[in-house]
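query_5.pdb follows (PDB, C-alpha atoms and all ligand atoms):
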```
ATOM      1  CA  MET A  11      -0.362 -29.565 -15.118
ATOM      2  CA  LYS A  12      -3.604 -30.912 -16.499
ATOM      3  CA  THR A  13      -4.757 -34.053 -18.204
ATOM      4  CA  ILE A  14      -5.899 -33.145 -21.677
ATOM      5  CA  THR A  15      -8.955 -35.027 -22.878
ATOM      6  CA  SER A  16     -11.092 -35.063 -25.998
ATOM      7  CA  SER A  17     -14.677 -36.228 -26.359
ATOM      8  CA  LYS A  18     -15.175 -39.677 -27.816
ATOM      9  CA  PRO A  19     -17.442 -39.809 -30.879
ATOM     10  CA  VAL A  20     -21.041 -40.105 -29.771
ATOM     11  CA  GLU A  21     -21.398 -43.371 -31.740
ATOM     12  CA  GLU A  22     -18.623 -44.919 -29.653
ATOM     13  CA  VAL A  23     -20.240 -43.808 -26.393
ATOM     14  CA  MET A  24     -23.641 -45.096 -27.531
ATOM     15  CA  GLY A  25     -21.952 -48.401 -28.366
ATOM     16  CA  TYR A  26     -20.727 -48.759 -24.781
ATOM     17  CA  LEU A  27     -24.190 -47.948 -23.485
ATOM     18  CA  GLU A  28     -26.014 -50.312 -25.825
ATOM     19  CA  LYS A  29     -27.184 -52.583 -23.010
ATOM     20  CA  CYS A  30     -27.815 -49.786 -20.500
ATOM     21  CA  CYS A  31     -31.304 -48.308 -20.373
ATOM     22  CA  LYS A  32     -30.516 -46.224 -17.296
ATOM     23  CA  VAL A  33     -27.322 -44.216 -16.983
ATOM     24  CA  TYR A  34     -25.719 -42.069 -14.286
ATOM     25  CA  ILE A  35     -23.277 -39.412 -15.587
ATOM     26  CA  ILE A  36     -20.209 -38.107 -13.741
ATOM     27  CA  GLY A  37     -18.142 -35.143 -14.875
ATOM     28  CA  CYS A  38     -14.905 -33.753 -13.429
ATOM     29  CA  GLY A  39     -14.601 -30.214 -12.115
ATOM     30  CA  THR A  40     -10.886 -29.874 -12.781
ATOM     31  CA  CYS A  41      -9.088 -30.745 -16.043
ATOM     32  CA  ALA A  42     -12.134 -32.049 -17.912
ATOM     33  CA  THR A  43     -14.018 -28.848 -17.087
ATOM     34  CA  MET A  44     -11.059 -26.765 -18.248
ATOM     35  CA  CYS A  45     -10.831 -28.798 -21.482
ATOM     36  CA  HIS A  46     -14.598 -28.352 -22.037
ATOM     37  CA  THR A  47     -15.008 -32.118 -22.255
ATOM     38  CA  GLY A  48     -16.511 -33.036 -18.876
ATOM     39  CA  GLY A  49     -17.787 -29.911 -17.147
ATOM     40  CA  LYS A  50     -21.363 -29.007 -16.337
ATOM     41  CA  SER A  51     -22.377 -27.903 -19.829
ATOM     42  CA  GLU A  52     -20.868 -31.042 -21.440
ATOM     43  CA  VAL A  53     -22.533 -33.300 -18.861
ATOM     44  CA  LEU A  54     -25.883 -31.625 -19.474
ATOM     45  CA  GLY A  55     -25.294 -31.911 -23.223
ATOM     46  CA  MET A  56     -24.620 -35.634 -22.843
ATOM     47  CA  LYS A  57     -27.736 -36.013 -20.672
ATOM     48  CA  LYS A  58     -29.797 -34.435 -23.435
ATOM     49  CA  LYS A  59     -28.279 -36.753 -26.059
ATOM     50  CA  LEU A  60     -28.910 -39.863 -23.969
ATOM     51  CA  GLU A  61     -32.481 -38.860 -23.195
ATOM     52  CA  GLY A  62     -32.979 -38.067 -26.860
ATOM     53  CA  SER A  63     -31.964 -41.627 -27.690
ATOM     54  CA  GLY A  64     -34.519 -43.064 -25.258
ATOM     55  CA  LYS A  65     -32.289 -43.676 -22.225
ATOM     56  CA  LYS A  66     -33.147 -42.630 -18.703
ATOM     57  CA  VAL A  67     -30.545 -40.563 -16.879
ATOM     58  CA  THR A  68     -30.993 -41.396 -13.181
ATOM     59  CA  GLY A  69     -28.762 -38.519 -12.133
ATOM     60  CA  TRP A  70     -25.531 -36.654 -12.722
ATOM     61  CA  MET A  71     -22.866 -34.807 -10.806
ATOM     62  CA  ILE A  72     -19.617 -32.965 -11.323
ATOM     63  CA  VAL A  73     -17.044 -34.359  -8.901
ATOM     64  CA  PRO A  74     -14.554 -31.604  -7.962
ATOM     65  CA  THR A  75     -11.498 -33.757  -8.817
ATOM     66  CA  ALA A  76     -12.543 -37.231  -9.937
ATOM     67  CA  CYS A  77      -9.109 -38.813  -9.379
ATOM     68  CA  ASP A  78      -9.081 -37.666  -5.758
ATOM     69  CA  GLU A  79      -9.879 -40.032  -2.881
ATOM     70  CA  LEU A  80     -12.725 -37.694  -1.873
ATOM     71  CA  THR A  81     -14.635 -39.006  -4.887
ATOM     72  CA  LYS A  82     -15.780 -41.912  -2.715
ATOM     73  CA  TYR A  83     -17.780 -39.481  -0.551
ATOM     74  CA  ALA A  84     -19.419 -37.925  -3.595
ATOM     75  CA  LEU A  85     -20.353 -41.424  -4.786
ATOM     76  CA  ASP A  86     -21.787 -42.199  -1.342
ATOM     77  CA  GLU A  87     -23.975 -39.086  -1.481
ATOM     78  CA  GLU A  88     -25.390 -40.115  -4.854
ATOM     79  CA  ALA A  89     -25.536 -43.841  -4.042
ATOM     80  CA  GLU A  90     -29.297 -44.156  -4.484
ATOM     81  CA  ARG A  91     -29.370 -42.592  -7.947
ATOM     82  CA  ILE A  92     -26.278 -44.537  -9.018
ATOM     83  CA  LYS A  93     -27.830 -47.771  -7.752
ATOM     84  CA  GLU A  94     -30.864 -47.137  -9.947
ATOM     85  CA  ALA A  95     -28.674 -46.937 -13.088
ATOM     86  CA  ASP A  96     -27.426 -49.878 -15.174
ATOM     87  CA  CYS A  97     -24.044 -48.198 -15.627
ATOM     88  CA  VAL A  98     -22.071 -45.032 -15.035
ATOM     89  CA  LEU A  99     -20.740 -42.823 -17.824
ATOM     90  CA  ALA A 100     -17.577 -41.020 -16.711
ATOM     91  CA  MET A 101     -16.768 -37.755 -18.460
ATOM     92  CA  THR A 102     -13.297 -37.714 -16.910
ATOM     93  CA  CYS A 103      -9.835 -38.828 -17.943
ATOM     94  CA  ALA A 104      -8.853 -42.500 -17.573
ATOM     95  CA  VAL A 105      -7.577 -41.927 -14.018
ATOM     96  CA  GLY A 106     -10.994 -40.605 -13.043
ATOM     97  CA  VAL A 107     -12.670 -43.663 -14.593
ATOM     98  CA  GLN A 108     -10.401 -45.935 -12.527
ATOM     99  CA  THR A 109     -10.993 -43.961  -9.321
ATOM    100  CA  ILE A 110     -14.755 -44.009  -9.781
ATOM    101  CA  SER A 111     -14.657 -47.780 -10.496
ATOM    102  CA  LEU A 112     -12.528 -48.350  -7.409
ATOM    103  CA  HIS A 113     -14.988 -46.611  -5.103
ATOM    104  CA  MET A 114     -18.238 -47.919  -6.580
ATOM    105  CA  LYS A 115     -20.203 -49.788  -3.926
ATOM    106  CA  ASP A 116     -21.870 -52.232  -6.331
ATOM    107  CA  SER A 117     -20.300 -53.891  -9.349
ATOM    108  CA  LYS A 118     -21.563 -51.636 -12.088
ATOM    109  CA  PRO A 119     -19.716 -50.881 -15.302
ATOM    110  CA  VAL A 120     -18.101 -47.454 -15.597
ATOM    111  CA  TYR A 121     -17.689 -46.411 -19.233
ATOM    112  CA  PRO A 122     -15.415 -43.618 -20.470
ATOM    113  CA  ALA A 123     -16.874 -40.791 -22.532
ATOM    114  CA  LEU A 124     -13.486 -39.140 -23.098
ATOM    115  CA  ASN A 125     -10.153 -40.001 -24.689
ATOM    116  CA  THR A 126      -7.154 -39.290 -22.492
ATOM    117  CA  MET A 127      -4.561 -37.642 -24.703
ATOM    118  CA  PHE A 128      -1.618 -36.404 -22.644
ATOM    119  CA  ILE A 129      -0.551 -34.360 -19.651
ATOM    120  CA  ALA A 130       0.181 -30.735 -20.355
ATOM    121  CA  CYS A 131       0.596 -27.267 -19.103
ATOM    122  CA  LEU A 132      -2.863 -25.785 -19.632
ATOM    123  CA  LEU A 133      -1.441 -22.430 -20.678
ATOM    124  CA  ALA A 134       0.443 -24.248 -23.422
ATOM    125  CA  TRP A 135      -2.672 -26.091 -24.533
ATOM    126  CA  ARG A 136      -4.792 -22.957 -24.622
ATOM    127  CA  THR A 137      -2.053 -21.087 -26.407
ATOM    128  CA  ALA A 138      -1.598 -23.839 -28.965
ATOM    129  CA  ARG A 139      -5.345 -23.913 -29.631
ATOM    130  CA  GLY A 140      -5.571 -20.167 -29.746
ATOM    131  CA  THR A 141      -3.705 -17.358 -31.356
ATOM    132  CA  SER A 142      -0.060 -17.344 -30.300
ATOM    133  CA  PRO A 143       1.701 -20.725 -30.213
ATOM    134  CA  ARG A 144       4.780 -19.901 -28.203
ATOM    135  CA  CYS A 145       4.720 -22.144 -25.141
ATOM    136  CA  VAL A 146       4.659 -25.927 -25.160
ATOM    137  CA  CYS A 147       5.289 -27.934 -22.022
ATOM    138  CA  SER A 148       8.010 -30.539 -22.493
ATOM    139  CA  VAL A 149       5.919 -33.069 -20.531
ATOM    140  CA  ALA A 150       3.263 -32.946 -23.244
ATOM    141  CA  VAL A 151       5.872 -33.875 -25.811
ATOM    142  CA  ALA A 152       7.384 -36.532 -23.534
ATOM    143  CA  CYS A 153       4.002 -38.119 -22.863
ATOM    144  CA  SER A 154       3.329 -38.482 -26.549
ATOM    145  CA  GLY A 155       6.451 -40.589 -26.987
ATOM    146  CA  GLY A 156       8.619 -37.718 -28.109
ATOM    147  CA  ARG A 157       6.246 -36.785 -30.889
ATOM    148  CA  ARG A 158       4.213 -33.642 -30.719
ATOM    149  CA  PRO A 159       0.546 -34.444 -30.061
ATOM    150  CA  SER A 160      -0.754 -32.645 -33.109
ATOM    151  CA  ALA A 161       0.315 -30.507 -36.011
ATOM    152  CA  ARG A 162      -0.747 -27.447 -34.038
ATOM    153  CA  TRP A 163       2.149 -28.078 -31.681
ATOM    154  CA  SER A 164       4.751 -27.878 -34.387
ATOM    155  CA  ALA A 165       5.063 -24.113 -34.111
ATOM    156  CA  ALA A 166       8.257 -23.399 -32.171
ATOM    157  CA  PRO A 167       7.718 -25.459 -29.006
ATOM    158  CA  ARG A 168       9.554 -24.236 -25.936
ATOM    159  CA  ALA A 169       9.458 -25.414 -22.344
ATOM    160  CA  CYS A 170       7.074 -23.498 -20.050
TER     161      CYS A 170
HETATM  162  S1  LIG B   1      -9.806 -37.243 -12.983
HETATM  163 FE1  LIG B   1      -8.498 -36.744 -14.705
HETATM  164  S2  LIG B   1      -9.538 -34.954 -15.601
HETATM  165 FE2  LIG B   1     -10.281 -35.111 -13.490
HETATM  166  S3  LIG B   1      -8.857 -33.898 -12.196
HETATM  167 FE3  LIG B   1      -8.088 -36.017 -12.191
HETATM  168  S4  LIG B   1      -6.556 -36.000 -13.838
HETATM  169 FE4  LIG B   1      -7.886 -34.217 -14.191
END
```
Translate this structure into C-alpha cells?
Amino acid sequence: MKTITSSKPVEEVMGYLEKCCKVYIIGCGTCATMCHTGGKSEVLGMKKKLEGSGKKVTGWMIVPTACDELTKYALDEEAERIKEADCVLAMTCAVGVQTISLHMKDSKPVYPALNTMFIACLLAWRTARGTSPRCVCSVAVACSGGRRPSARWSAAPRAC
C-alpha cells in the first residue's frame, strides 16, 4: 500500500515560500519516490526552480520513509543546514509533513509541495496509469469516499 501524491502547481508552492529566502528541501524515499513526486530527481528539479527564482537552497535530503520515527535522526544529521533555512519544503505526503514538523528542533514552518490524494495498491496505480487497467485496490476507492479517484479508474475496477 502506498500513499499516492501529485505535485502541487509551482505557483502554489512559490506562494507558500513567498517570505522564505532560504529553503531546505526534504523528499521521501518510499511512496513519493515511487510516484515520481518527491524522489531525488524531483527534489533536484525543485532545487533548480527555487534557485532560478532567486532563493537559496541551504540543503536537501531524501529521507528513507518520512513518516517513520527515524526521520528525527535524519533531521538531527542535517540540523545545521536546516537551521540556516527560513523554512522547510516537504516533498512528501501530508503524514510526512506532520512527522517532519513534529521532529523539527526549532519552530520553522514546513510547507507541503505535494497533494495527498489517496492510499492505493501501487500495482493498481501503475496499471491504471499505464496500458492495462485491470486491477484497482478497493482501499483507493474507499479513501476517495466511494468515488473513483479519476476517470482513468473507471475501467473495470477489481480488488487486488
Ligand atoms: S511520508 Fe507519506 S509518502 Fe513518505 S513513506 Fe510515509 S506515507 Fe509514503
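Candidate residues A:Lys32, A:Lys50, A:Lys57, A:Lys12 were compared for distance to Lys118 in chain A, and the nearest is A:Lys32, using all atoms listed in the file.
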Please check which protein, DNA or RNA residues sit within 9 Å of ligand LIG 1 (chain B), counting only C-alpha atoms and all ligand atoms, and write them as an MDAnalysis selection string.
chainID A and resid 11:15 37:45 48 73:78 101:110 126 129
Determine the residue set returned by the PyMOL selection byres (((chain A and resi 28) around 12) and not hetatm) for the present structure, and present it as a list in words.
Glu21, Glu22, Val23, Met24, Gly25, Tyr26, Leu27, Lys29, Cys30, Cys31, Lys32, Val33, Leu60, Ser63, Gly64, Lys65, Asp96, Cys97 and Tyr121 of chain A
Residues at most 12 Å from Asp86 in chain A, counting all atoms listed in the file, excluding those fewer than 4 positions away in the same chain, as a list in words?
Val73, Leu80, Thr81, Lys82, Glu90, Arg91, Ile92, Lys93, Ile110, His113, Met114, Lys115 and Asp116 of chain A
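CA of Lys18 in chain A sits 11.2 Å away from CA of Met127 in chain A.
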Go through A:Ala95, A:Cys131, A:Val20, A:Met71 one by one, measure the shortest atom-to-atom distance of each to Ser51 in chain A using only C-alpha atoms, and give the residue with the smallest value.
A:Met71
Computed interatomic separation between CA of Ala100 in chain A and CA of Leu124 in chain A (Å):
7.8 Å
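The two atoms in question, CA of Thr47 in chain A and CA of Ala89 in chain A, are spaced 24.1 Å apart.
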Rank nothing, just name the residue among A:Tyr34, A:Gly55, A:Thr68, A:Ser16 nearest to Val120 in chain A, using all atoms listed in the file.
A:Tyr34
Edge lengths and centre in Å to one decimal, as AutoDock Vina command-line options, of the axis-aligned box that encloses all listed atoms of range 123-132 of chain A with 4 Å added on every side?
```
--center_x -8.1 --center_y -33.3 --center_z -21.9 --size_x 25.5 --size_y 23.0 --size_z 13.6
```
Ranking A:Leu54, A:Ile72, A:Leu112, A:Ile36 by minimum distance to Leu99 in chain A and counting all atoms listed in the file, which one comes first?
A:Ile36
